[in-house]
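Here's target-v5.cif, which has mmCIF, C-alpha atoms and all ligand atoms:
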```cif
data_upload
loop_
_atom_site.label_atom_id
_atom_site.label_comp_id
_atom_site.auth_asym_id
_atom_site.auth_seq_id
_atom_site.Cartn_x
_atom_site.Cartn_y
_atom_site.Cartn_z
CA MET A 25 7.05 9.36 -32.96
CA PRO A 26 6.40 7.28 -36.16
CA GLY A 27 2.93 6.53 -34.76
CA LYS A 28 2.20 10.20 -34.07
CA VAL A 29 3.25 11.15 -37.61
CA LEU A 30 1.16 8.35 -39.09
CA LEU A 31 -1.94 9.37 -37.13
CA ARG A 32 -1.50 12.99 -38.22
CA LEU A 33 -1.27 11.92 -41.87
CA ASP A 34 -4.06 9.36 -41.66
CA PRO A 35 -6.28 9.39 -38.55
CA GLY A 36 -7.93 6.12 -39.69
CA ALA A 37 -4.61 4.25 -40.08
CA VAL A 38 -4.98 2.07 -36.98
CA ARG A 39 -8.43 0.87 -37.99
CA ASP A 40 -7.22 0.02 -41.54
CA LEU A 41 -4.02 -1.71 -40.48
CA ALA A 42 -5.68 -3.64 -37.63
CA SER A 43 -8.46 -4.87 -39.93
CA ASN A 44 -5.75 -6.52 -42.08
CA LEU A 45 -4.76 -8.79 -39.19
CA ALA A 46 -6.59 -11.98 -40.11
CA GLY A 47 -5.67 -13.50 -36.74
CA GLY A 48 -7.56 -10.70 -34.96
CA SER A 49 -6.23 -8.63 -32.07
CA ILE A 50 -6.21 -8.72 -28.30
CA LEU A 51 -5.83 -5.62 -26.14
CA ILE A 52 -4.39 -6.04 -22.65
CA SER A 53 -4.99 -3.42 -19.98
CA ALA A 54 -4.44 -3.08 -16.23
CA THR A 55 -2.76 -0.78 -13.74
CA ASN A 56 -0.04 -3.35 -13.02
CA GLY A 57 1.40 -6.14 -15.17
CA LYS A 58 0.49 -5.03 -18.72
CA THR A 59 3.99 -5.31 -20.17
CA THR A 60 4.74 -8.68 -18.61
CA THR A 61 1.38 -10.17 -19.54
CA THR A 62 1.61 -8.93 -23.13
CA ARG A 63 4.90 -10.80 -23.46
CA LEU A 64 3.35 -13.95 -22.00
CA VAL A 65 0.35 -13.83 -24.37
CA SER A 66 2.64 -13.12 -27.36
CA GLY A 67 4.80 -16.11 -26.46
CA ALA A 68 1.79 -18.41 -26.23
CA ILE A 69 0.40 -17.31 -29.60
CA ARG A 70 3.76 -17.68 -31.33
CA ALA A 71 4.07 -21.18 -29.86
CA ALA A 72 0.81 -22.07 -31.59
CA GLY A 73 2.51 -21.21 -34.90
CA GLN A 74 0.96 -17.78 -35.40
CA GLU A 75 2.84 -14.60 -36.20
CA VAL A 76 2.44 -11.78 -33.63
CA VAL A 77 2.38 -8.01 -34.03
CA THR A 78 3.02 -6.33 -30.67
CA ASN A 79 4.09 -3.03 -29.08
CA ALA A 80 7.02 -4.69 -27.33
CA ALA A 81 8.80 -1.55 -26.15
CA GLY A 82 5.87 -0.61 -23.91
CA ALA A 83 4.60 2.31 -26.04
CA ASN A 84 1.01 1.76 -24.99
CA LEU A 85 -0.98 4.76 -26.26
CA LEU A 86 -2.77 4.87 -29.64
CA SER A 87 0.42 6.22 -31.25
CA GLY A 88 2.42 3.22 -29.95
CA VAL A 89 -0.11 0.75 -31.36
CA ALA A 90 -0.09 2.68 -34.67
CA ALA A 91 3.71 2.50 -34.84
CA ALA A 92 3.73 -1.26 -34.14
CA LEU A 93 1.09 -1.91 -36.82
CA ALA A 94 2.84 0.27 -39.42
CA GLU A 95 6.24 -1.23 -38.71
CA ALA A 96 4.88 -4.77 -39.09
CA ALA A 97 2.63 -4.12 -42.11
CA PRO A 98 5.14 -4.87 -44.91
CA ARG A 99 6.28 -8.21 -43.50
CA THR A 100 3.42 -9.81 -41.61
CA GLY A 101 1.60 -12.78 -43.04
CA SER A 102 -2.15 -12.65 -43.40
CA ALA A 103 -2.70 -14.80 -40.31
CA ALA A 104 -0.84 -12.49 -37.90
CA CYS A 105 -2.45 -11.72 -34.55
CA GLY A 106 -2.16 -8.33 -32.83
CA VAL A 107 -1.21 -8.42 -29.12
CA PHE A 108 -1.12 -4.92 -27.67
CA GLU A 109 -0.69 -3.59 -24.15
CA VAL A 110 -2.80 -0.47 -23.71
CA ASP A 111 -2.70 2.30 -21.12
CA GLU A 112 -5.85 2.22 -18.94
CA ALA A 113 -6.96 5.73 -19.89
CA ALA A 114 -6.24 5.16 -23.60
CA LEU A 115 -8.11 1.84 -23.79
CA PRO A 116 -11.51 3.14 -25.01
CA ALA A 117 -9.95 5.06 -27.93
CA VAL A 118 -7.60 2.21 -28.86
CA ALA A 119 -10.42 -0.37 -28.70
CA GLU A 120 -12.60 1.85 -30.89
CA ALA A 121 -9.82 2.02 -33.50
CA VAL A 122 -8.55 -1.57 -33.35
CA GLN A 123 -11.92 -3.37 -32.98
CA PRO A 124 -10.23 -6.22 -31.08
CA SER A 125 -11.46 -9.81 -31.08
CA ALA A 126 -10.55 -10.14 -27.37
CA LEU A 127 -9.92 -7.86 -24.38
CA LEU A 128 -7.90 -8.92 -21.34
CA LEU A 129 -8.80 -6.78 -18.28
CA MET A 130 -6.55 -7.64 -15.35
CA ASN A 131 -6.70 -5.17 -12.44
CA LEU A 132 -7.29 -1.56 -11.44
CA PHE A 133 -5.25 -0.08 -8.62
CA ARG A 134 -4.75 3.50 -7.50
CA ASP A 135 -1.98 4.94 -9.69
CA GLN A 136 -1.06 8.40 -10.95
CA LEU A 137 -4.03 10.18 -9.37
CA ASP A 138 -3.01 13.39 -11.12
CA ARG A 139 -3.39 11.80 -14.56
CA HIS A 140 -6.00 9.05 -14.24
CA GLY A 141 -8.20 10.32 -11.41
CA GLU A 142 -9.80 7.85 -9.04
CA LEU A 143 -10.22 4.20 -9.94
CA GLU A 144 -13.95 4.63 -10.39
CA SER A 145 -13.44 7.09 -13.25
CA ILE A 146 -11.35 4.53 -15.19
CA ALA A 147 -13.91 1.80 -14.49
CA GLU A 148 -16.66 4.14 -15.66
CA ARG A 149 -14.82 4.80 -18.93
CA TRP A 150 -14.27 1.07 -19.48
CA SER A 151 -17.94 0.43 -18.79
CA ARG A 152 -19.01 3.02 -21.39
CA MET A 153 -16.51 1.49 -23.85
CA LEU A 154 -18.08 -1.97 -23.44
CA ALA A 155 -21.54 -0.48 -23.95
CA VAL A 156 -20.62 0.86 -27.43
CA LEU A 157 -18.15 -1.72 -28.82
CA ASP A 158 -19.90 -3.60 -31.62
CA PRO A 159 -19.32 -6.44 -32.03
CA LEU A 160 -18.36 -7.00 -28.39
CA PRO A 161 -14.95 -8.73 -28.13
CA HIS A 162 -14.47 -11.89 -26.10
CA LEU A 163 -13.77 -10.59 -22.58
CA VAL A 164 -11.11 -12.20 -20.39
CA VAL A 165 -11.51 -10.65 -16.95
CA CYS A 166 -10.06 -11.07 -13.46
CA GLY A 167 -13.28 -11.55 -11.50
CA ASP A 168 -11.33 -11.41 -8.22
CA ASP A 169 -11.15 -7.64 -8.80
CA PRO A 170 -14.66 -6.48 -7.78
CA LEU A 171 -14.37 -3.35 -9.89
CA LEU A 172 -13.76 -5.43 -13.04
CA ALA A 173 -16.30 -8.12 -12.20
CA ALA A 174 -19.05 -5.51 -12.52
CA LEU A 175 -18.03 -4.44 -16.04
CA PRO A 176 -19.15 -7.08 -18.58
CA PRO A 177 -22.63 -6.33 -19.99
CA ALA A 178 -25.28 -9.03 -19.50
CA GLY A 179 -24.87 -11.85 -22.02
CA ALA A 180 -21.32 -10.84 -22.99
CA PRO A 181 -18.86 -13.65 -23.81
CA VAL A 182 -16.61 -13.75 -20.70
CA THR A 183 -13.79 -15.99 -19.49
CA TRP A 184 -13.18 -15.33 -15.78
CA PHE A 185 -9.79 -15.97 -14.22
CA GLY A 186 -8.66 -15.78 -10.60
CA ILE A 187 -7.01 -17.49 -7.66
CA ASP A 188 -8.33 -20.40 -5.61
CA ASP A 189 -5.39 -21.06 -3.31
CA PRO A 190 -6.32 -20.19 0.31
CA SER A 191 -2.65 -20.48 1.35
CA ALA A 192 -1.81 -17.47 -0.86
CA GLY A 193 -2.51 -13.88 0.14
CA SER A 194 -4.03 -13.07 3.51
CA ALA A 195 -7.33 -13.35 5.34
CA SER A 196 -7.85 -9.61 5.60
CA LEU A 197 -7.42 -6.52 3.44
CA SER A 198 -4.27 -4.44 3.74
CA HIS A 199 -4.80 -0.77 4.53
CA ALA A 200 -3.56 0.21 1.07
CA SER A 201 -6.49 -1.59 -0.56
CA ASP A 202 -8.69 0.23 -3.05
CA SER A 203 -12.29 -0.30 -4.11
CA THR A 204 -13.78 -2.32 -1.28
CA THR A 205 -17.44 -1.41 -1.53
CA CYS A 206 -20.12 -3.22 -3.52
CA ARG A 207 -20.63 -1.73 -7.00
CA ALA A 208 -24.33 -2.59 -6.84
CA CYS A 209 -25.37 -1.38 -3.38
CA GLY A 210 -22.39 0.41 -1.78
CA THR A 211 -22.04 -1.98 1.19
CA PRO A 212 -18.44 -2.75 2.27
CA LEU A 213 -17.40 -6.07 0.72
CA GLN A 214 -16.43 -9.09 2.79
CA TYR A 215 -13.34 -11.11 1.87
CA ALA A 216 -12.79 -14.81 2.53
CA HIS A 217 -9.25 -14.13 1.25
CA ALA A 218 -7.43 -11.08 -0.10
CA TRP A 219 -4.78 -11.97 -2.68
CA ILE A 220 -3.32 -8.61 -3.76
CA GLY A 221 -4.77 -5.36 -2.44
CA HIS A 222 -8.55 -5.50 -3.06
CA ILE A 223 -8.21 -8.50 -5.41
CA GLY A 224 -9.56 -11.54 -3.61
CA ASP A 225 -12.44 -13.89 -2.94
CA TRP A 226 -15.08 -11.23 -2.22
CA ARG A 227 -18.81 -11.08 -1.64
CA CYS A 228 -21.33 -8.44 -0.68
CA PRO A 229 -23.08 -9.32 2.61
CA SER A 230 -26.05 -7.14 1.72
CA CYS A 231 -27.13 -7.88 -1.87
CA GLY A 232 -25.32 -11.21 -2.36
CA LEU A 233 -23.23 -10.06 -5.33
CA ALA A 234 -20.10 -12.20 -5.25
CA ARG A 235 -16.94 -13.01 -7.12
CA PRO A 236 -17.74 -14.95 -10.30
CA ARG A 237 -16.46 -18.53 -10.21
CA PRO A 238 -13.21 -18.53 -12.24
CA ASP A 239 -13.07 -20.60 -15.46
CA ILE A 240 -9.25 -20.51 -15.22
CA SER A 241 -8.02 -20.62 -11.62
CA VAL A 242 -4.72 -20.82 -9.78
CA VAL A 243 -5.20 -23.75 -7.38
CA ASP A 244 -1.60 -23.72 -6.09
CA ALA A 245 0.43 -20.49 -6.36
CA GLY A 246 3.76 -22.37 -5.99
CA LEU A 247 5.76 -19.28 -4.95
CA ASP A 248 9.54 -19.68 -4.79
CA GLY A 249 10.90 -16.44 -3.27
CA ALA A 250 12.39 -13.82 -5.56
CA ARG A 251 13.50 -16.55 -7.97
CA GLY A 252 10.20 -17.48 -9.58
CA SER A 253 7.09 -19.56 -9.13
CA ARG A 254 5.55 -22.87 -10.20
CA PRO A 255 1.77 -22.30 -10.19
CA LEU A 256 -0.73 -25.06 -10.87
CA ILE A 257 -3.61 -23.69 -12.92
CA ARG A 258 -6.98 -25.39 -13.43
CA THR A 259 -8.50 -25.02 -16.91
CA PRO A 260 -11.42 -26.60 -18.77
CA GLU A 261 -8.74 -28.64 -20.64
CA GLY A 262 -7.27 -29.98 -17.38
CA ASP A 263 -4.60 -28.80 -14.91
CA VAL A 264 -1.34 -27.30 -16.18
CA ARG A 265 1.82 -26.60 -14.15
CA LEU A 266 3.82 -23.50 -15.12
CA ALA A 267 7.47 -22.78 -14.28
CA LEU A 268 7.78 -18.99 -14.30
CA ALA A 269 10.98 -16.96 -14.20
CA LEU A 270 8.76 -14.29 -12.60
CA PRO A 271 8.39 -14.08 -8.81
CA GLY A 272 5.38 -13.18 -6.69
CA LEU A 273 1.65 -13.77 -6.55
CA HIS A 274 1.00 -10.81 -8.87
CA ASN A 275 2.97 -12.56 -11.63
CA VAL A 276 1.13 -15.82 -10.97
CA LEU A 277 -2.10 -13.90 -11.57
CA ASN A 278 -0.60 -12.29 -14.69
CA ALA A 279 0.26 -15.76 -15.99
CA ALA A 280 -3.27 -17.03 -15.29
CA GLY A 281 -4.66 -14.07 -17.25
CA ALA A 282 -2.24 -14.76 -20.11
CA LEU A 283 -3.22 -18.44 -20.16
CA ALA A 284 -6.93 -17.55 -20.17
CA ALA A 285 -6.39 -15.04 -22.99
CA ALA A 286 -4.34 -17.47 -25.10
CA MET A 287 -7.01 -20.15 -24.67
CA ALA A 288 -9.72 -17.64 -25.64
CA LEU A 289 -7.74 -17.08 -28.86
CA GLY A 290 -7.68 -20.83 -29.57
CA VAL A 291 -4.25 -21.83 -28.20
CA PRO A 292 -4.36 -25.23 -26.43
CA ALA A 293 -3.72 -24.96 -22.65
CA ALA A 294 -0.66 -27.24 -22.70
CA THR A 295 0.96 -25.29 -25.58
CA ALA A 296 0.28 -21.97 -23.85
CA ALA A 297 1.62 -23.23 -20.50
CA THR A 298 4.92 -24.36 -22.00
CA ALA A 299 5.36 -21.11 -23.91
CA ILE A 300 4.46 -18.88 -20.93
CA SER A 301 7.01 -20.75 -18.80
CA ALA A 302 9.74 -19.99 -21.36
CA VAL A 303 9.28 -16.19 -21.33
CA PRO A 304 12.04 -14.29 -19.45
CA ALA A 305 11.36 -11.18 -17.33
CA ALA A 306 10.66 -7.91 -19.15
CA PHE A 307 13.13 -5.06 -18.78
CA GLY A 308 12.96 -3.63 -15.29
CA ARG A 309 10.38 -6.21 -14.15
CA ALA A 310 12.19 -8.69 -11.92
CA GLU A 311 15.06 -8.45 -14.37
CA ALA A 312 18.28 -9.90 -12.90
CA MET A 313 21.82 -8.91 -13.87
CA SER A 314 25.31 -9.62 -12.58
CA VAL A 315 27.61 -6.69 -11.71
CA ASP A 316 31.13 -7.18 -10.31
CA GLY A 317 30.20 -10.48 -8.68
CA ARG A 318 26.97 -9.08 -7.23
CA ARG A 319 23.45 -9.80 -8.38
CA VAL A 320 21.20 -6.86 -9.23
CA VAL A 321 17.44 -7.46 -9.32
CA MET A 322 15.22 -4.70 -10.67
CA LEU A 323 11.60 -4.63 -9.44
CA LEU A 324 9.57 -1.75 -10.89
CA ALA A 325 7.57 -0.12 -8.07
CA LYS A 326 5.32 2.73 -9.16
CA ASN A 327 2.19 2.50 -7.03
CA PRO A 328 1.21 1.09 -3.60
CA ALA A 329 -0.20 -2.23 -4.86
CA GLY A 330 2.79 -2.99 -7.10
CA ALA A 331 5.33 -1.92 -4.49
CA ASN A 332 3.61 -3.98 -1.77
CA GLU A 333 3.70 -7.09 -3.98
CA ASN A 334 7.40 -6.58 -4.67
CA LEU A 335 8.13 -6.11 -0.95
CA ARG A 336 6.14 -9.22 -0.11
CA THR A 337 8.15 -11.12 -2.72
CA LEU A 338 11.46 -9.86 -1.27
CA MET A 339 10.33 -10.87 2.24
CA LEU A 340 10.12 -14.50 1.06
CA ASP A 341 13.93 -14.52 1.00
CA GLU A 342 15.62 -14.93 4.37
CA GLY A 343 18.45 -12.78 5.70
CA GLU A 344 19.45 -9.16 5.32
CA HIS A 345 18.55 -7.00 2.34
CA ASP A 346 20.50 -4.35 0.45
CA LEU A 347 18.09 -1.98 -1.28
CA LEU A 348 18.30 0.84 -3.78
CA VAL A 349 14.97 2.71 -3.88
CA ALA A 350 14.47 5.37 -6.54
CA LEU A 351 11.67 7.93 -6.66
CA ASN A 352 11.13 10.40 -9.50
CA ASP A 353 8.06 12.59 -9.98
CA ARG A 354 7.95 13.19 -13.73
CA ILE A 355 4.77 12.83 -15.81
CA ALA A 356 5.41 9.11 -16.50
CA ASP A 357 5.93 8.43 -12.77
CA GLY A 358 3.01 10.56 -11.57
CA ARG A 359 3.75 14.02 -10.15
CA ASP A 360 2.19 13.15 -6.79
CA VAL A 361 4.56 11.03 -4.68
CA SER A 362 2.35 10.80 -1.59
CA TRP A 363 1.74 7.13 -2.47
CA VAL A 364 5.07 6.13 -0.88
CA TRP A 365 3.37 6.66 2.50
CA ASP A 366 0.79 3.96 1.60
CA VAL A 367 3.42 1.31 0.88
CA ASP A 368 3.99 -1.22 3.70
CA TRP A 369 7.76 -0.79 4.05
CA GLU A 370 7.72 -1.45 7.81
CA PRO A 371 7.96 -5.29 7.81
CA LEU A 372 11.06 -5.21 5.58
CA LEU A 373 12.95 -2.31 7.21
CA PRO A 374 14.25 -4.25 10.27
CA ARG A 375 15.93 -6.64 7.82
CA VAL A 376 17.64 -3.90 5.79
CA ARG A 377 21.44 -3.81 5.97
CA ARG A 378 21.75 -0.72 3.78
CA LEU A 379 19.08 1.29 1.99
CA THR A 380 20.13 3.86 -0.59
CA ALA A 381 17.44 6.41 -1.48
CA THR A 382 17.83 8.10 -4.86
CA GLY A 383 15.98 10.05 -7.52
CA GLU A 384 14.58 13.57 -7.67
CA ARG A 385 12.50 12.90 -4.56
CA ALA A 386 15.20 10.97 -2.65
CA HIS A 387 14.67 13.11 0.44
CA ASP A 388 10.92 12.35 0.49
CA LEU A 389 11.85 8.67 0.46
CA ALA A 390 14.40 9.12 3.21
CA LEU A 391 11.78 10.83 5.38
CA ARG A 392 9.38 7.93 4.76
CA PHE A 393 12.02 5.38 5.81
CA ARG A 394 12.99 7.35 8.93
CA TYR A 395 9.31 7.45 9.97
CA GLY A 396 9.21 3.72 9.24
CA GLY A 397 11.92 3.18 11.86
CA LEU A 398 15.01 2.69 9.67
CA PRO A 399 18.07 3.78 11.70
CA GLU A 400 20.01 6.69 10.21
CA ASP A 401 23.22 4.66 9.92
CA ARG A 402 21.56 2.22 7.53
CA LEU A 403 20.23 4.93 5.24
CA LEU A 404 22.15 6.72 2.51
CA VAL A 405 20.58 9.58 0.54
CA GLN A 406 22.09 10.20 -2.88
CA PRO A 407 19.76 11.94 -5.37
CA ASP A 408 22.04 11.26 -8.36
CA PRO A 409 21.13 7.78 -9.68
CA ALA A 410 24.59 6.92 -11.07
CA ALA A 411 26.35 7.83 -7.83
CA ALA A 412 23.63 6.07 -5.84
CA LEU A 413 24.04 2.85 -7.83
CA GLU A 414 27.80 3.01 -7.29
CA ALA A 415 27.44 3.56 -3.53
CA ALA A 416 24.71 0.91 -3.14
CA LEU A 417 26.77 -1.70 -5.01
CA ALA A 418 29.86 -0.90 -2.94
CA ALA A 419 27.94 -1.76 0.25
CA VAL A 420 26.88 -5.21 -1.02
CA PRO A 421 29.28 -8.03 -0.15
CA PRO A 422 30.58 -10.15 -3.07
CA GLY A 423 28.01 -12.81 -3.97
CA GLY A 424 25.24 -10.68 -2.45
CA THR A 425 22.18 -9.17 -4.08
CA LEU A 426 21.18 -5.54 -4.57
CA GLU A 427 17.41 -5.19 -4.85
CA VAL A 428 16.43 -2.12 -6.88
CA LEU A 429 12.93 -0.66 -6.52
CA PRO A 430 12.53 2.25 -8.97
CA THR A 431 9.64 4.27 -10.37
CA TYR A 432 9.26 4.24 -14.15
CA THR A 433 11.66 6.99 -15.27
CA ALA A 434 14.10 6.14 -12.46
CA MET A 435 14.13 2.55 -13.73
CA HIS A 436 15.22 3.78 -17.16
CA GLU A 437 17.97 5.95 -15.60
CA ILE A 438 19.38 3.11 -13.51
CA ARG A 439 19.11 0.71 -16.43
CA ALA A 440 21.03 3.21 -18.58
CA GLU A 441 23.86 3.03 -16.02
CA LEU A 442 23.78 -0.77 -16.19
CA VAL A 443 23.74 -0.65 -20.02
CA ALA A 444 26.79 1.64 -19.89
CA ARG A 445 28.50 -0.96 -17.71
CA GLY A 446 27.64 -3.59 -20.33
CA VAL A 447 25.56 -5.79 -18.03
CA ALA A 448 22.10 -4.99 -19.47
CA GLY A 449 20.86 -4.67 -23.06
CA GLU A 450 19.15 -1.53 -24.38
CA PHE A 451 15.50 -1.84 -23.33
CA TRP A 452 14.21 -1.94 -26.90
CA ASN A 453 16.48 -4.97 -27.52
CA ALA A 454 15.82 -6.60 -24.13
CA PRO A 455 14.46 -10.16 -24.37
ZN ZN A 501 -24.11 -5.32 -2.70
#
```
Mind converting the file's structure to structure tokens?
Ligand SMILES: [Zn+2]
Amino acid sequence: MPGKVLLRLDPGAVRDLASNLAGGSILISATNGKTTTTRLVSGAIRAAGQEVVTNAAGANLLSGVAAALAEAAPRTGSAACGVFEVDEAALPAVAEAVQPSALLLMNLFRDQLDRHGELESIAERWSRMLAVLDPLPHLVVCGDDPLLAALPPAGAPVTWFGIDDPSAGSASLSHASDSTTCRACGTPLQYAHAWIGHIGDWRCPSCGLARPRPDISVVDAGLDGARGSRPLIRTPEGDVRLALALPGLHNVLNAAGALAAAMALGVPAATAATAISAVPAAFGRAEAMSVDGRRVVMLLAKNPAGANENLRTLMLDEGEHDLLVALNDRIADGRDVSWVWDVDWEPLLPRVRRLTATGERAHDLALRFRYGGLPEDRLLVQPDPAAALEAALAAVPPGGTLEVLPTYTAMHEIRAELVARGVAGEFWNAP
């Protein structure tokens, strides 16, 4: 709201305030991982002794960036650096206003079709943005995403990051993968390895276009179940080992992007690695809490690629699983919930002890799980999130873990219940 008021009073406010940041600005955009990665980059820049201005509460439209800049203006030193997460569709307008010194482009997955349209339309808008930005910012790009690899204009300053660990990911694409044809000639791409969805070591068998060799690459993913990961990352300054409180290959890739971005902004690799390792999970993103002697882990799941990564992470842990899955269909979740049919729930369902389906579209979820083979006696449908949390917790034995997979607004509702119980902080105060 403060940002909307400011922009109404002074439409040029973002440009003026951002130009006062002597440390420059970086904009971070992606379908998945923006909030987490923004925190990692902020931590690395602070560790290098620089003040940071950031939209920490996840308000990632132009108004959110305006509010963060205005709020920080009276107190920031002249050397402050802006680190902003930006919604994919809002990125061209925000970049035009902020004139960033660097852009971190991480991934594009199918998400909120009703709002964003197909992936190609976002990529097209990003491409037009890069054609008009002057001067062109330093680009930090995940070249393992073929859609992003095609974006940088010839001669642009680019740092590529990616994964080079053949033991991670799989040898073939999952059926939920997006964007698997060559941007240059339309031929289906071939993958030596697929890391996450269509992100992988790709090449076009027809025209020879291939994944750019990463400047910053994960040579050992070091996954450690739902607890975290210890990736080894190769950089031009030597190898660094991270110890992340964040689980899953997607977070390893987020950390590699954050490291590449921090280095592009002049932070030494070793300083950035230590700082990135010290950042705790963002609210609702692999956030862990303790409730009545049970552990509650919240893994935001709002599109097929993100949900599949979270399921793959959960599968790393042996034994039976107690799940609370929450599906809402408000604007911030995407009104179209058909994506739940593209998520690979099937491998996890035989290991489910109890699955509680909740949210406004709880019955759609329940139908999905019944088609996935989950027996009726392991499934509870409770549309009310507070009652569902209560029932799901009651079914978890003491010392056990409840894994919560919510969409965006459902995550806030369930967190509000946990805040009311005193086990979670308000999200705007969350670490
Ligand atoms: Zn081709």
#### Entry: Atomic separation - CA of Pro304 in chain A relative to CA of Cys105 in chain A, Å
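Spanning CA of Cys105 in chain A to CA of Pro304 in chain A is a straight-line distance of 21.1 Å.
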### Message
Around ligand ZN 501 (chain A), which protein and nucleic acid residues have at least one atom no more than 8 Å from it, if we count all atoms listed in the file? List them as a PyMOL selection string.
### Response
chain A and resi 205-213+227-233
### Query
What's the 9 Å shell around range 249-264 of chain A, counting only C-alpha atoms, without same-chain residues fewer than 2 positions away, as an NGL selection string?
:A and (187 or 239-247 or 266-273 or 275-276 or 279-280 or 283-284 or 292-294 or 297 or 301 or 310 or 321 or 334 or 337-341)
### Message
Which residues are close to Gly330 in chain A, i.e. within 8 Å by only C-alpha atoms, leaving aside same-chain residues fewer than 5 positions away? Reply as a PyMOL selection string.
### Response
chain A and resi 56+324-325
### Message
At a cut-off of 10 Å, using only C-alpha atoms, what residues contact Lys58 in chain A? Leave out same-chain residues fewer than 6 positions from it and give the result as a list in words.
### Response
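Once the nearby chain positions are removed, what remains is Leu51, Ile52, Leu64, Gly82, Asn84, Phe108, Glu109, Val110, Asp111, Glu112, Leu128, Leu129, Met130, Asn131 and Asn278 of chain A.
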### Polymer residues at most 6 Å from range 400-405 of chain A, all atoms listed in the file, same-chain spacing of 6 or more positions, as a ChimeraX atom specification
/A:378-381
### Task
In Å, rounded to a single decimal, give me how far CA of Val38 in chain A is from CA of Asp357 in chain A.
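These two atoms are separated by 27.3 Å.
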So that I can check the surroundings of range 362-377 of chain A, please list as a PDB file with C-alpha atoms, keeping the file's coordinate frame every protein, DNA and RNA residue that reaches within 8 Å of it, counting only C-alpha atoms and ignoring chain neighbours fewer than 3 positions away.
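Ended up saving to result-v1.pdb:
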```
ATOM      1  CA  HIS A 199      -4.800  -0.770   4.530  1.00  0.00           C
ATOM      2  CA  ALA A 200      -3.560   0.210   1.070  1.00  0.00           C
ATOM      3  CA  ASN A 327       2.190   2.500  -7.030  1.00  0.00           C
ATOM      4  CA  PRO A 328       1.210   1.090  -3.600  1.00  0.00           C
ATOM      5  CA  ALA A 329      -0.200  -2.230  -4.860  1.00  0.00           C
ATOM      6  CA  ALA A 331       5.330  -1.920  -4.490  1.00  0.00           C
ATOM      7  CA  ASN A 332       3.610  -3.980  -1.770  1.00  0.00           C
ATOM      8  CA  LEU A 335       8.130  -6.110  -0.950  1.00  0.00           C
ATOM      9  CA  MET A 339      10.330 -10.870   2.240  1.00  0.00           C
ATOM     10  CA  GLY A 343      18.450 -12.780   5.700  1.00  0.00           C
ATOM     11  CA  GLU A 344      19.450  -9.160   5.320  1.00  0.00           C
ATOM     12  CA  HIS A 345      18.550  -7.000   2.340  1.00  0.00           C
ATOM     13  CA  ASP A 346      20.500  -4.350   0.450  1.00  0.00           C
ATOM     14  CA  LEU A 347      18.090  -1.980  -1.280  1.00  0.00           C
ATOM     15  CA  LEU A 389      11.850   8.670   0.460  1.00  0.00           C
ATOM     16  CA  ARG A 392       9.380   7.930   4.760  1.00  0.00           C
ATOM     17  CA  PHE A 393      12.020   5.380   5.810  1.00  0.00           C
ATOM     18  CA  GLY A 396       9.210   3.720   9.240  1.00  0.00           C
ATOM     19  CA  GLY A 397      11.920   3.180  11.860  1.00  0.00           C
ATOM     20  CA  LEU A 398      15.010   2.690   9.670  1.00  0.00           C
ATOM     21  CA  ARG A 402      21.560   2.220   7.530  1.00  0.00           C
TER      22      ARG A 402
END
```
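In this structure, CA of Asn352 in chain A sits 10.2 Å away from CA of Asp388 in chain A.
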### Message
Tell me which residues come within 9 Å of (-1.0, 8.2, -29.0), as a list in words, counting only C-alpha atoms in the file's coordinates.
### Response
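The residues that fall inside the cut-off are Gly27, Lys28, Leu31, Ala83, Asn84, Leu85, Leu86, Ser87, Gly88, Val89, Ala90, Ala114 and Val118 of chain A.
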Output of the above residues as a PDB file, in the coordinates of the input, restricted to C-alpha atoms:
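This is the output file again.pdb:
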```pdb
ATOM      1  CA  GLY A  27       2.930   6.530 -34.760  1.00  0.00           C
ATOM      2  CA  LYS A  28       2.200  10.200 -34.070  1.00  0.00           C
ATOM      3  CA  LEU A  31      -1.940   9.370 -37.130  1.00  0.00           C
ATOM      4  CA  ALA A  83       4.600   2.310 -26.040  1.00  0.00           C
ATOM      5  CA  ASN A  84       1.010   1.760 -24.990  1.00  0.00           C
ATOM      6  CA  LEU A  85      -0.980   4.760 -26.260  1.00  0.00           C
ATOM      7  CA  LEU A  86      -2.770   4.870 -29.640  1.00  0.00           C
ATOM      8  CA  SER A  87       0.420   6.220 -31.250  1.00  0.00           C
ATOM      9  CA  GLY A  88       2.420   3.220 -29.950  1.00  0.00           C
ATOM     10  CA  VAL A  89      -0.110   0.750 -31.360  1.00  0.00           C
ATOM     11  CA  ALA A  90      -0.090   2.680 -34.670  1.00  0.00           C
ATOM     12  CA  ALA A 114      -6.240   5.160 -23.600  1.00  0.00           C
ATOM     13  CA  VAL A 118      -7.600   2.210 -28.860  1.00  0.00           C
TER      14      VAL A 118
END
```
### Message
Between A:Val122, A:Pro161, A:Ala216, A:Arg354, which residue has the minimum interatomic distance to Gly36 in chain A, considering all atoms listed in the file?
### Response
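With all atoms listed in the file as the atom set, the closest residue is A:Val122.
Residue nearest Ile146 in chain A within the list A:Ala54, A:Ala103, A:Val165, A:Val291: A:Ala54 [criterion: smallest interatomic distance, all atoms listed in the file].
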